[in-house]
>>> print(open('entry.cif').read())   # mmCIF, C-alpha atoms
data_upload
loop_
_atom_site.label_atom_id
_atom_site.label_comp_id
_atom_site.auth_asym_id
_atom_site.auth_seq_id
_atom_site.Cartn_x
_atom_site.Cartn_y
_atom_site.Cartn_z
CA MET S 1 20.40 -12.15 22.86
CA THR S 2 19.85 -10.29 19.59
CA VAL S 3 19.33 -6.82 21.12
CA PRO S 4 23.03 -6.00 21.71
CA LEU S 5 23.95 -7.27 18.26
CA ALA S 6 21.11 -5.42 16.57
CA LEU S 7 22.19 -2.20 18.33
CA LEU S 8 25.80 -2.82 17.30
CA GLY S 9 24.66 -3.38 13.71
CA LEU S 10 22.72 -0.12 13.72
CA LEU S 11 25.83 1.64 15.04
CA GLU S 12 27.90 0.17 12.24
CA ARG S 13 25.54 1.87 9.81
CA GLU S 14 26.12 5.21 11.55
CA SER S 15 27.16 6.45 14.98
CA SER S 16 24.18 7.54 17.02
CA HIS S 17 22.76 8.93 20.25
CA GLY S 18 21.01 6.47 22.53
CA TYR S 19 17.59 7.96 21.91
CA ASP S 20 17.97 7.85 18.12
CA LEU S 21 19.30 4.31 18.37
CA LYS S 22 16.22 3.23 20.31
CA ARG S 23 13.98 4.89 17.70
CA ASP S 24 15.76 3.04 14.86
CA TYR S 25 15.62 -0.26 16.74
CA ASP S 26 11.88 0.13 17.33
CA THR S 27 11.33 1.03 13.66
CA TYR S 28 13.09 -2.02 12.25
CA PHE S 29 12.85 -4.67 14.95
CA GLY S 30 10.33 -3.51 17.58
CA ARG S 31 7.20 -4.80 15.82
CA GLY S 32 4.89 -3.39 18.46
CA LYS S 33 7.27 -4.22 21.31
CA PRO S 34 9.44 -1.12 21.81
CA LEU S 35 12.76 -1.49 23.55
CA PRO S 36 12.72 0.14 27.01
CA ALA S 37 15.05 3.15 27.09
CA GLY S 38 16.74 1.79 30.21
CA GLN S 39 17.66 -1.38 28.37
CA VAL S 40 19.20 0.63 25.52
CA TYR S 41 21.49 2.56 27.88
CA SER S 42 22.43 -0.44 30.01
CA THR S 43 23.25 -2.41 26.84
CA LEU S 44 25.34 0.46 25.47
CA GLY S 45 27.14 0.61 28.83
CA ARG S 46 28.06 -3.09 28.59
CA LEU S 47 29.12 -2.75 24.95
CA ALA S 48 31.37 0.18 25.94
CA ARG S 49 32.82 -1.79 28.86
CA ASP S 50 33.63 -4.67 26.48
CA GLY S 51 35.29 -2.35 23.98
CA LYS S 52 32.70 -2.82 21.24
CA VAL S 53 31.54 0.79 21.23
CA GLU S 54 33.13 3.99 22.43
CA ILE S 55 31.66 7.30 23.32
CA GLY S 56 32.36 9.95 20.73
CA GLU S 57 31.81 13.67 20.90
CA THR S 58 28.82 14.82 22.90
CA GLY S 59 26.56 17.10 20.94
CA PRO S 60 23.03 17.90 19.84
CA GLY S 61 20.61 15.01 19.58
CA SER S 62 17.16 13.92 20.63
CA GLY S 63 16.46 13.04 24.26
CA PRO S 64 18.33 13.90 27.43
CA ASP S 65 21.45 11.89 26.59
CA ARG S 66 23.89 13.81 24.40
CA LYS S 67 26.49 11.03 24.17
CA ARG S 68 27.22 9.78 20.69
CA TYR S 69 28.06 6.08 20.47
CA VAL S 70 30.55 4.86 17.85
CA ILE S 71 31.23 1.21 16.99
CA THR S 72 34.85 -0.01 17.37
CA ASP S 73 36.73 -2.51 15.18
CA VAL S 74 36.00 -5.17 17.80
CA GLY S 75 32.29 -4.37 17.49
CA VAL S 76 32.38 -4.53 13.68
CA THR S 77 34.09 -7.94 13.87
CA GLN S 78 31.43 -9.21 16.24
CA VAL S 79 28.60 -8.08 13.93
CA GLU S 80 30.30 -9.76 10.98
CA THR S 81 30.85 -13.00 12.93
CA TRP S 82 27.26 -13.07 14.17
CA LEU S 83 25.77 -12.48 10.71
CA THR S 84 27.68 -15.39 9.21
CA GLU S 85 27.14 -17.83 12.09
CA PRO S 86 24.27 -20.25 11.51
CA VAL S 87 21.51 -20.35 14.08
CA GLU S 88 21.02 -23.77 15.64
CA GLY S 89 18.42 -25.79 13.73
CA GLU S 90 15.08 -25.76 15.59
CA PRO S 91 13.74 -29.29 15.62
CA HIS S 92 14.25 -30.61 19.12
CA LEU S 93 12.85 -34.10 19.20
CA GLN S 94 11.42 -33.80 22.70
CA THR S 95 8.91 -31.08 21.93
CA VAL S 96 5.95 -30.17 24.08
CA LEU S 97 3.62 -31.40 21.34
CA PHE S 98 5.31 -34.80 21.23
CA THR S 99 5.32 -35.14 25.02
CA LYS S 100 1.63 -34.33 25.29
CA VAL S 101 0.66 -36.89 22.65
CA VAL S 102 2.72 -39.72 24.16
CA LEU S 103 1.52 -38.87 27.67
CA ALA S 104 -2.11 -38.86 26.52
CA VAL S 105 -1.62 -42.34 25.03
CA LEU S 106 0.11 -43.56 28.21
CA LEU S 107 -2.73 -42.23 30.35
CA GLU S 108 -5.28 -43.86 28.03
CA ARG S 109 -6.76 -40.52 27.09
CA ASP S 110 -7.65 -39.70 23.49
CA PRO S 111 -4.74 -37.67 22.04
CA ARG S 112 -7.02 -36.44 19.25
CA VAL S 113 -8.74 -34.20 21.80
CA TYR S 114 -5.47 -32.47 22.56
CA LEU S 115 -4.40 -32.43 18.91
CA ASP S 116 -7.68 -30.84 17.78
CA ILE S 117 -7.47 -28.18 20.48
CA GLN S 118 -3.90 -27.45 19.46
CA ARG S 119 -4.81 -27.43 15.77
CA ALA S 120 -7.56 -24.87 16.36
CA ALA S 121 -5.12 -22.64 18.28
CA HIS S 122 -2.48 -22.97 15.56
CA MET S 123 -5.01 -22.18 12.81
CA GLU S 124 -6.25 -19.13 14.71
CA ARG S 125 -2.71 -17.79 14.98
CA MET S 126 -2.07 -18.61 11.33
CA ARG S 127 -5.17 -16.63 10.33
CA GLU S 128 -3.87 -13.62 12.32
CA LEU S 129 -0.47 -13.84 10.65
CA THR S 130 -2.07 -14.28 7.21
CA GLU S 131 -4.05 -11.09 7.77
CA LEU S 132 -0.88 -9.31 8.88
CA ARG S 133 0.90 -10.58 5.78
CA ARG S 134 -1.92 -9.22 3.64
CA SER S 135 -2.02 -5.76 5.18
CA GLY S 136 1.48 -5.15 6.57
CA SER S 137 4.76 -3.85 5.21
CA THR S 138 7.29 -6.15 3.55
CA MET S 139 9.14 -6.43 6.88
CA ASP S 140 5.90 -7.44 8.63
CA THR S 141 5.29 -9.93 5.83
CA LEU S 142 8.72 -11.51 6.26
CA LEU S 143 8.17 -11.94 9.98
CA ALA S 144 4.67 -13.30 9.41
CA ASP S 145 6.03 -15.71 6.76
CA HIS S 146 8.47 -17.09 9.32
CA GLY S 147 5.68 -17.65 11.83
CA VAL S 148 3.33 -19.14 9.25
CA PHE S 149 5.87 -21.68 7.98
CA HIS S 150 6.71 -22.79 11.53
CA LEU S 151 3.02 -23.20 12.36
CA GLU S 152 2.56 -25.10 9.12
CA ALA S 153 5.31 -27.53 10.08
CA ASP S 154 3.56 -28.20 13.40
CA LEU S 155 0.18 -28.63 11.69
CA ARG S 156 1.63 -31.14 9.22
CA TRP S 157 3.15 -33.02 12.14
CA MET S 158 -0.24 -33.08 13.87
CA ASP S 159 -1.95 -34.48 10.75
CA GLN S 160 0.74 -37.11 10.42
CA THR S 161 0.43 -37.98 14.09
CA VAL S 162 -3.32 -38.52 13.79
CA ALA S 163 -2.60 -40.88 10.90
CA ARG S 164 -0.03 -42.77 13.02
CA LEU S 165 -2.05 -42.93 16.24
CA ALA S 166 -2.97 -46.61 16.02
CA ALA S 167 0.68 -47.61 15.55
CA LEU S 168 1.81 -45.25 18.30
CA THR S 169 -0.78 -46.56 20.74
CA ALA S 170 0.24 -50.16 20.03
CA GLU S 171 3.92 -49.29 20.53
CA VAL S 172 3.52 -47.24 23.71
CA ARG S 173 1.15 -49.66 25.40
CA ALA S 174 3.07 -52.80 24.40
CA MET X 1 -38.21 -29.38 6.08
CA SER X 2 -35.97 -26.59 4.90
CA ALA X 3 -32.35 -25.65 5.28
CA ASP X 4 -31.34 -23.49 8.22
CA ASP X 5 -32.06 -19.88 7.29
CA ASP X 6 -28.65 -18.70 8.47
CA PHE X 7 -26.83 -20.63 5.81
CA LEU X 8 -26.48 -20.03 2.09
CA VAL X 9 -25.19 -23.51 1.19
CA GLN X 10 -25.66 -26.63 3.21
CA ALA X 11 -25.10 -30.39 3.04
CA ARG X 12 -27.18 -32.58 5.35
CA GLU X 13 -26.15 -36.17 5.95
CA ALA X 14 -24.83 -36.36 2.38
CA ALA X 15 -23.67 -39.84 1.40
CA LEU X 16 -22.23 -40.92 -1.94
CA SER X 17 -20.42 -44.03 -3.11
CA PHE X 18 -18.48 -44.63 -6.30
CA GLY X 19 -19.27 -48.28 -6.97
CA GLN X 20 -18.49 -50.13 -3.77
CA THR X 21 -16.31 -47.31 -2.45
CA PRO X 22 -17.99 -44.85 -0.12
CA ALA X 23 -16.72 -41.30 -0.63
CA LEU X 24 -19.14 -39.49 1.66
CA ARG X 25 -20.71 -41.12 4.71
CA GLY X 26 -23.25 -38.64 5.98
CA ALA X 27 -21.45 -35.31 5.69
CA ASN X 28 -22.91 -32.17 7.26
CA LEU X 29 -21.59 -28.75 6.31
CA SER X 30 -22.96 -25.22 6.16
CA ALA X 31 -21.58 -21.90 4.93
CA ARG X 32 -23.10 -18.54 5.73
CA ALA X 33 -23.52 -15.78 3.16
CA GLY X 34 -20.24 -13.90 2.71
CA GLU X 35 -18.26 -16.47 4.64
CA ILE X 36 -14.97 -17.92 3.39
CA LEU X 37 -15.02 -21.53 4.54
CA ALA X 38 -12.02 -23.85 4.21
CA VAL X 39 -12.71 -27.57 3.84
CA THR X 40 -9.55 -29.45 4.70
CA GLY X 41 -8.58 -33.07 5.23
CA PRO X 42 -6.20 -35.72 3.98
CA SER X 43 -6.14 -36.96 0.37
CA GLY X 44 -9.08 -39.23 -0.37
CA SER X 45 -11.08 -38.03 2.64
CA GLY X 46 -13.99 -36.92 0.44
CA LYS X 47 -13.54 -33.14 0.58
CA SER X 48 -13.62 -32.62 -3.21
CA THR X 49 -16.62 -34.94 -3.54
CA LEU X 50 -18.39 -32.87 -0.91
CA LEU X 51 -17.62 -29.69 -2.86
CA HIS X 52 -18.98 -31.26 -6.05
CA CYS X 53 -22.19 -32.22 -4.23
CA LEU X 54 -22.61 -28.72 -2.75
CA ALA X 55 -22.10 -27.23 -6.22
CA GLY X 56 -24.70 -29.50 -7.82
CA ILE X 57 -22.14 -31.24 -10.03
CA LEU X 58 -22.67 -34.57 -8.26
CA VAL X 59 -25.88 -35.76 -6.63
CA PRO X 60 -25.57 -37.65 -3.35
CA ASP X 61 -27.09 -41.12 -3.03
CA SER X 62 -28.83 -39.94 0.13
CA GLY X 63 -29.00 -36.81 2.22
CA GLU X 64 -29.84 -33.28 1.12
CA ILE X 65 -28.09 -30.33 -0.52
CA TRP X 66 -29.49 -26.84 -0.12
CA PHE X 67 -28.72 -23.48 -1.69
CA ASP X 68 -30.41 -20.27 -0.59
CA GLY X 69 -33.47 -22.08 0.75
CA ARG X 70 -33.78 -24.33 -2.33
CA ARG X 71 -33.24 -28.06 -2.39
CA VAL X 72 -30.56 -28.80 -5.01
CA ASP X 73 -30.19 -32.59 -4.95
CA THR X 74 -33.75 -33.18 -6.17
CA LEU X 75 -33.29 -31.00 -9.26
CA GLY X 76 -32.63 -32.56 -12.66
CA GLU X 77 -29.35 -31.95 -14.49
CA PRO X 78 -30.72 -29.08 -16.68
CA GLU X 79 -31.93 -27.18 -13.59
CA ARG X 80 -28.68 -27.82 -11.72
CA SER X 81 -26.74 -26.68 -14.77
CA THR X 82 -28.72 -23.42 -14.83
CA LEU X 83 -28.18 -23.02 -11.09
CA ARG X 84 -24.43 -23.46 -11.51
CA ARG X 85 -24.30 -21.01 -14.40
CA ASP X 86 -26.38 -18.32 -12.69
CA HIS X 87 -25.21 -18.54 -9.08
CA PHE X 88 -21.88 -20.35 -8.78
CA GLY X 89 -18.30 -19.75 -9.87
CA PHE X 90 -15.57 -22.38 -10.02
CA VAL X 91 -11.78 -22.45 -9.73
CA PHE X 92 -9.94 -25.73 -9.96
CA GLN X 93 -6.32 -26.77 -9.71
CA PHE X 94 -5.57 -27.45 -13.37
CA GLY X 95 -6.51 -26.75 -16.93
CA GLN X 96 -9.76 -24.93 -16.71
CA LEU X 97 -9.03 -22.44 -19.48
CA VAL X 98 -10.16 -23.16 -23.03
CA PRO X 99 -6.88 -23.18 -24.99
CA GLU X 100 -8.43 -22.01 -28.28
CA LEU X 101 -9.79 -18.81 -26.69
CA THR X 102 -7.90 -15.69 -25.65
CA ALA X 103 -7.66 -14.82 -21.97
CA GLU X 104 -10.42 -12.20 -22.25
CA GLU X 105 -12.67 -14.59 -24.18
CA ASN X 106 -12.11 -17.18 -21.45
CA VAL X 107 -13.14 -14.65 -18.78
CA ALA X 108 -16.18 -13.55 -20.82
CA LEU X 109 -17.34 -17.15 -21.34
CA PRO X 110 -19.82 -17.37 -18.42
CA LEU X 111 -21.46 -14.13 -19.56
CA LEU X 112 -21.66 -15.33 -23.17
CA LEU X 113 -23.21 -18.61 -22.00
CA ALA X 114 -25.77 -16.54 -20.08
CA LYS X 115 -26.63 -14.84 -23.40
CA SER X 116 -24.95 -11.50 -22.78
CA ARG X 117 -24.03 -9.53 -25.88
CA ARG X 118 -20.45 -10.22 -26.97
CA ALA X 119 -19.30 -6.60 -26.79
CA SER X 120 -20.62 -6.04 -23.26
CA ALA X 121 -19.37 -9.45 -22.09
CA LEU X 122 -15.86 -8.66 -23.32
CA ALA X 123 -15.98 -5.18 -21.78
CA GLU X 124 -17.00 -6.65 -18.43
CA ALA X 125 -14.30 -9.32 -18.75
CA ARG X 126 -11.64 -6.67 -19.45
CA SER X 127 -12.58 -4.78 -16.28
CA TRP X 128 -11.31 -7.76 -14.25
CA PHE X 129 -7.84 -7.75 -15.81
CA GLY X 130 -6.77 -4.60 -13.97
CA ARG X 131 -8.24 -5.80 -10.69
CA LEU X 132 -6.26 -9.01 -10.83
CA GLY X 133 -3.00 -7.55 -12.12
CA LEU X 134 -3.45 -9.00 -15.61
CA ASP X 135 -3.31 -5.81 -17.69
CA GLY X 136 -1.87 -6.42 -21.15
CA LEU X 137 -2.60 -10.16 -21.17
CA GLU X 138 -6.14 -9.92 -22.59
CA GLY X 139 -5.19 -11.26 -26.02
CA ARG X 140 -3.00 -14.15 -24.88
CA ARG X 141 -3.99 -17.78 -25.09
CA SER X 142 -3.55 -20.12 -22.11
CA GLY X 143 -0.31 -21.58 -23.52
CA GLU X 144 1.20 -18.10 -23.43
CA LEU X 145 0.43 -17.52 -19.74
CA SER X 146 2.45 -18.51 -16.67
CA GLY X 147 0.78 -20.78 -14.11
CA GLY X 148 0.01 -17.86 -11.82
CA GLN X 149 -1.37 -15.75 -14.67
CA ALA X 150 -3.54 -18.61 -15.93
CA GLN X 151 -4.93 -19.14 -12.43
CA ARG X 152 -5.75 -15.44 -12.08
CA VAL X 153 -7.54 -15.56 -15.46
CA ALA X 154 -9.47 -18.57 -14.14
CA LEU X 155 -10.31 -16.58 -11.02
CA ALA X 156 -11.53 -13.67 -13.12
CA ARG X 157 -13.70 -16.06 -15.11
CA ALA X 158 -15.13 -17.52 -11.92
CA LEU X 159 -16.01 -14.08 -10.58
CA VAL X 160 -17.05 -12.22 -13.74
CA SER X 161 -20.72 -13.12 -13.42
CA ARG X 162 -20.63 -12.10 -9.73
CA PRO X 163 -21.66 -15.49 -8.37
CA GLU X 164 -23.12 -15.85 -4.91
CA VAL X 165 -20.86 -18.80 -4.19
CA LEU X 166 -17.32 -19.43 -5.40
CA PHE X 167 -16.25 -23.07 -5.21
CA ALA X 168 -12.46 -23.38 -5.23
CA ASP X 169 -10.82 -26.82 -5.28
CA GLU X 170 -7.07 -26.65 -4.49
CA PRO X 171 -6.83 -23.34 -6.38
CA THR X 172 -3.12 -22.93 -5.64
CA GLY X 173 -2.16 -26.60 -5.78
CA ALA X 174 -0.12 -26.23 -8.95
CA LEU X 175 1.58 -22.96 -8.00
CA ASP X 176 4.75 -22.13 -6.08
CA SER X 177 4.38 -20.70 -2.60
CA LEU X 178 4.66 -17.00 -3.43
CA THR X 179 2.48 -17.16 -6.56
CA GLY X 180 -0.11 -19.19 -4.65
CA GLU X 181 -0.09 -16.57 -1.91
CA HIS X 182 -0.73 -13.84 -4.46
CA VAL X 183 -3.63 -15.75 -6.03
CA MET X 184 -5.16 -16.37 -2.59
CA ASP X 185 -4.80 -12.69 -1.63
CA LEU X 186 -6.63 -11.70 -4.81
CA LEU X 187 -9.29 -14.36 -4.31
CA VAL X 188 -9.98 -13.23 -0.75
CA ALA X 189 -9.92 -9.51 -1.63
CA SER X 190 -12.32 -10.01 -4.55
CA ALA X 191 -14.65 -12.22 -2.52
CA ARG X 192 -14.75 -9.71 0.32
CA GLN X 193 -15.38 -6.84 -2.07
CA GLU X 194 -18.20 -8.67 -3.83
CA GLY X 195 -19.61 -10.33 -0.69
CA THR X 196 -19.13 -13.72 -2.34
CA THR X 197 -19.38 -16.85 -0.23
CA VAL X 198 -16.35 -19.08 -0.80
CA VAL X 199 -16.09 -22.81 -0.23
CA LEU X 200 -12.39 -23.55 -0.46
CA VAL X 201 -11.11 -27.12 -0.59
CA THR X 202 -7.44 -27.46 0.30
CA HIS X 203 -5.07 -29.78 2.10
CA GLU X 204 -2.66 -26.92 2.83
CA PRO X 205 -3.01 -25.17 6.21
CA ARG X 206 -1.45 -22.01 4.76
CA VAL X 207 -4.25 -21.78 2.18
CA ALA X 208 -6.92 -22.67 4.75
CA ALA X 209 -5.66 -19.80 6.92
CA HIS X 210 -7.09 -17.36 4.37
CA ALA X 211 -10.58 -18.53 5.34
CA ASN X 212 -12.73 -17.32 8.25
CA ARG X 213 -13.38 -20.87 9.40
CA GLU X 214 -12.10 -24.39 8.83
CA VAL X 215 -13.86 -27.74 8.84
CA ILE X 216 -12.06 -31.06 8.47
CA VAL X 217 -13.27 -34.00 6.39
CA ARG X 218 -12.11 -37.38 7.63
CA ASP X 219 -13.31 -40.66 6.13
CA GLY X 220 -16.20 -39.06 4.28
CA LYS X 221 -17.55 -37.14 7.26
CA VAL X 222 -17.12 -33.59 8.40
CA THR X 223 -15.64 -34.23 11.81
CA PRO X 224 -16.63 -31.74 14.43
CA LEU X 225 -13.39 -30.72 16.10
CA PHE X 226 -13.02 -32.28 19.52
CA VAL X 227 -12.59 -28.79 20.87
CA GLU X 228 -16.10 -27.94 19.61
CA ARG X 229 -17.49 -31.15 21.09
CA LEU X 230 -15.98 -30.29 24.44
CA GLY X 231 -17.54 -26.84 24.29
CA SER X 232 -20.99 -28.15 23.41
#
>>> encode(input="entry.cif", output="structure tokens")
Amino acid sequence: MTVPLALLGLLERESSHGYDLKRDYDTYFGRGKPLPAGQVYSTLGRLARDGKVEIGETGPGSGPDRKRYVITDVGVTQVETWLTEPVEGEPHLQTVLFTKVVLAVLLERDPRVYLDIQRAAHMERMRELTELRRSGSTMDTLLADHGVFHLEADLRWMDQTVARLAALTAEVRA
Amino acid sequence: MSADDDFLVQAREAALSFGQTPALRGANLSARAGEILAVTGPSGSGKSTLLHCLAGILVPDSGEIWFDGRRVDTLGEPERSTLRRDHFGFVFQFGQLVPELTAEENVALPLLLAKSRRASALAEARSWFGRLGLDGLEGRRSGELSGGQAQRVALARALVSRPEVLFADEPTGALDSLTGEHVMDLLVASARQEGTTVVLVTHEPRVAAHANREVIVRDGKVTPLFVERLGS
């Protein structure tokens, strides 16, 4: 969902050819996952159809496509609206973690087995992100921070759940 | 019987009670040379007590503590004190700097206690200020340092004598998130550079993630993770 809006945002900064737009997207947002060129052009096609970009003068540029894409007022408004709209808060109460724990209790299996396995996986990922944070650019660090804090929230929940297991077991099996 | 050769520090079935309250109930833990090991667990689980036993500050009621092939728990206090001074460094959560001394005198303290000449001890101490981003703070006293600066001075003091093991107990517990991150980055970078083994007690997963490995203390025991039990 963010690709069209990120491309629009980049076009608000300056009009661009598709190839240069892809290069800028990969630089700022790709993080090792470059945007396929086909997706760039199909997205630009949809944005043009919806009146959010228009094709300016064709001229010199990198890559085979010489079309220059220019953001319209409608496009600028959409970028502005998107930037100021809050993202829906994450915590969904019926998470996979929660479901697994309750199911383990219902099935009379030890949920600590699952929680320890999950904890080890979370810690492994957190170590990777911590290393990235240590060695990466500020943009890498910001992304890693986001991942680390989310993992931390899960890990705290796991610790709390272990502490509440007796009460949970009594409640679920009552 | 001797400790496993692979490990630099090791606790074997360590048990210790404070009065009627058991703090450790047969804890087993090992750290290899050069390893950064996180010891985590809830408050009151016994993780700090375990660190104090490993460091020869406390002596367990039963069980064994080993360092570099030597039994530690059977040594008397003077020998353990010498062992701590010559081989171990310490960073704690609060108040480890001597307020009457300047920052550089605080850092030089372990060298002065080991009978180094004052001039060379201070020169060695100063060399750590640049490494830890403390340039210009050499003459300040602890009251004139921010929390993050004071903790970096404490880290410099812990590392100045190039200990084989650094024991760190909640080293970022009193710091905000970003400052704590900076202190941990410096701690890990310095330990890696010097090949120092680190035993890091923390209840924060974010701090534990700086380590190579994590063990969890629950109810006075180092609980093998269920995942490890399944694999064994």
>>> residues_around(input="entry.cif", residues="region 165-174 of chain S", least_positions_apart="3", cutoff="12 Å", atoms="all atoms listed in the file", output="VMD selection string")
chain S and resid 98 101 to 112 115 157 to 162
>>> closest_atom_pairs(input="entry.cif", of="region 78-113 of chain S", to="region 8-23 of chain S", cutoff="12 Å", atoms="all atoms listed in the file", output="tab-separated table")
residue	atom	partner	partner_atom	distance
S:Gln78	CA	S:Leu8	CA	8.6
S:Val79	CA	S:Gly9	CA	6.1
S:Glu80	CA	S:Gly9	CA	8.9
S:Thr81	CA	S:Gly9	CA	11.5
S:Trp82	CA	S:Gly9	CA	10.0
S:Leu83	CA	S:Gly9	CA	9.6
>>> residues_around(input="entry.cif", residues="Ala121 (chain X)", least_positions_apart="6", cutoff="7 Å", atoms="all atoms listed in the file", output="list in words")
Ala108, Leu111 and Leu112 of chain X
>>> interface_residues(input="entry.cif", of="chain S", to="chain X", cutoff="6 Å", atoms="all atoms listed in the file", output="PDB file with C-alpha atoms, keeping the file's coordinate frame")
ATOM      1  CA  VAL S 113      -8.740 -34.200  21.800  1.00  0.00           C
ATOM      2  CA  ASP S 116      -7.680 -30.840  17.780  1.00  0.00           C
ATOM      3  CA  ILE S 117      -7.470 -28.180  20.480  1.00  0.00           C
ATOM      4  CA  MET S 126      -2.070 -18.610  11.330  1.00  0.00           C
ATOM      5  CA  ARG S 127      -5.170 -16.630  10.330  1.00  0.00           C
TER       6      ARG S 127
END
>>> residues_around(input="entry.cif", residues="Gln151 (chain X)", least_positions_apart="3", cutoff="12 Å", atoms="only C-alpha atoms", output="count of residues only")
40
>>> atom_distance(input="entry.cif", atom1="CA of Ile55 (chain S)", atom2="CA of Arg68 (chain S)")
5.7 Å
>>> residues_near_point(input="entry.cif", point="(-13.6, -25.6, -2.1)", cutoff="6 Å", atoms="only C-alpha atoms", output="list in words")
Leu51, Phe167, Ala168, Asp169, Val199, Leu200 and Val201 of chain X
>>> atom_distance(input="entry.cif", atom1="CA of Gly63 (chain X)", atom2="CA of Lys47 (chain X)")
16.0 Å
>>> residues_around(input="entry.cif", residues="Tyr28 (chain S)", least_positions_apart="3", cutoff="12 Å", atoms="only C-alpha atoms", output="ChimeraX atom specification")
/S:3,6-7,9-10,21-25,31-35,137-140,143
>>> write_last_selection(input="entry.cif", atoms="C-alpha atoms", output="PDB file, keeping the file's coordinate frame")
ATOM      1  CA  VAL S   3      19.330  -6.820  21.120  1.00  0.00           C
ATOM      2  CA  ALA S   6      21.110  -5.420  16.570  1.00  0.00           C
ATOM      3  CA  LEU S   7      22.190  -2.200  18.330  1.00  0.00           C
ATOM      4  CA  GLY S   9      24.660  -3.380  13.710  1.00  0.00           C
ATOM      5  CA  LEU S  10      22.720  -0.120  13.720  1.00  0.00           C
ATOM      6  CA  LEU S  21      19.300   4.310  18.370  1.00  0.00           C
ATOM      7  CA  LYS S  22      16.220   3.230  20.310  1.00  0.00           C
ATOM      8  CA  ARG S  23      13.980   4.890  17.700  1.00  0.00           C
ATOM      9  CA  ASP S  24      15.760   3.040  14.860  1.00  0.00           C
ATOM     10  CA  TYR S  25      15.620  -0.260  16.740  1.00  0.00           C
ATOM     11  CA  ARG S  31       7.200  -4.800  15.820  1.00  0.00           C
ATOM     12  CA  GLY S  32       4.890  -3.390  18.460  1.00  0.00           C
ATOM     13  CA  LYS S  33       7.270  -4.220  21.310  1.00  0.00           C
ATOM     14  CA  PRO S  34       9.440  -1.120  21.810  1.00  0.00           C
ATOM     15  CA  LEU S  35      12.760  -1.490  23.550  1.00  0.00           C
ATOM     16  CA  SER S 137       4.760  -3.850   5.210  1.00  0.00           C
ATOM     17  CA  THR S 138       7.290  -6.150   3.550  1.00  0.00           C
ATOM     18  CA  MET S 139       9.140  -6.430   6.880  1.00  0.00           C
ATOM     19  CA  ASP S 140       5.900  -7.440   8.630  1.00  0.00           C
ATOM     20  CA  LEU S 143       8.170 -11.940   9.980  1.00  0.00           C
TER      21      LEU S 143
END
>>> atom_distance(input="entry.cif", atom1="CA of Thr21 (chain X)", atom2="CA of Thr49 (chain X)")
12.4 Å
>>> residues_around(input="entry.cif", residues="Asn28 (chain X)", least_positions_apart="3", cutoff="10 Å", atoms="all atoms listed in the file", output="PDB file with C-alpha atoms, in the frame of the given file")
ATOM      1  CA  GLN X  10     -25.660 -26.630   3.210  1.00  0.00           C
ATOM      2  CA  ALA X  11     -25.100 -30.390   3.040  1.00  0.00           C
ATOM      3  CA  ARG X  12     -27.180 -32.580   5.350  1.00  0.00           C
ATOM      4  CA  GLU X  13     -26.150 -36.170   5.950  1.00  0.00           C
ATOM      5  CA  ALA X  14     -24.830 -36.360   2.380  1.00  0.00           C
ATOM      6  CA  ALA X  15     -23.670 -39.840   1.400  1.00  0.00           C
ATOM      7  CA  LEU X  24     -19.140 -39.490   1.660  1.00  0.00           C
ATOM      8  CA  ARG X  25     -20.710 -41.120   4.710  1.00  0.00           C
ATOM      9  CA  LEU X  50     -18.390 -32.870  -0.910  1.00  0.00           C
ATOM     10  CA  GLY X  63     -29.000 -36.810   2.220  1.00  0.00           C
ATOM     11  CA  GLU X  64     -29.840 -33.280   1.120  1.00  0.00           C
ATOM     12  CA  ILE X  65     -28.090 -30.330  -0.520  1.00  0.00           C
ATOM     13  CA  VAL X 217     -13.270 -34.000   6.390  1.00  0.00           C
ATOM     14  CA  LYS X 221     -17.550 -37.140   7.260  1.00  0.00           C
ATOM     15  CA  VAL X 222     -17.120 -33.590   8.400  1.00  0.00           C
ATOM     16  CA  THR X 223     -15.640 -34.230  11.810  1.00  0.00           C
ATOM     17  CA  PRO X 224     -16.630 -31.740  14.430  1.00  0.00           C
TER      18      PRO X 224
END
>>> resolve_selection(input="entry.cif", expression="the PyMOL selection byres ((chain S and resi 47) around 10)", output="ChimeraX atom specification")
/S:4-5,7-8,41-46,48-54,69,71-72,75
>>> axis_aligned_box(input="entry.cif", around="region 8-22 of chain S", padding_each_side="6 Å", output="lines of an AutoDock Vina configuration file")
center_x = 22.1
center_y = 2.8
center_z = 16.2
size_x = 23.7
size_y = 24.3
size_z = 24.7
>>> closest_residue(input="entry.cif", among="X:Thr82, X:Ser45, X:Ser161, X:Thr102", to="Gly136 (chain X)", atoms="only C-alpha atoms")
X:Thr102
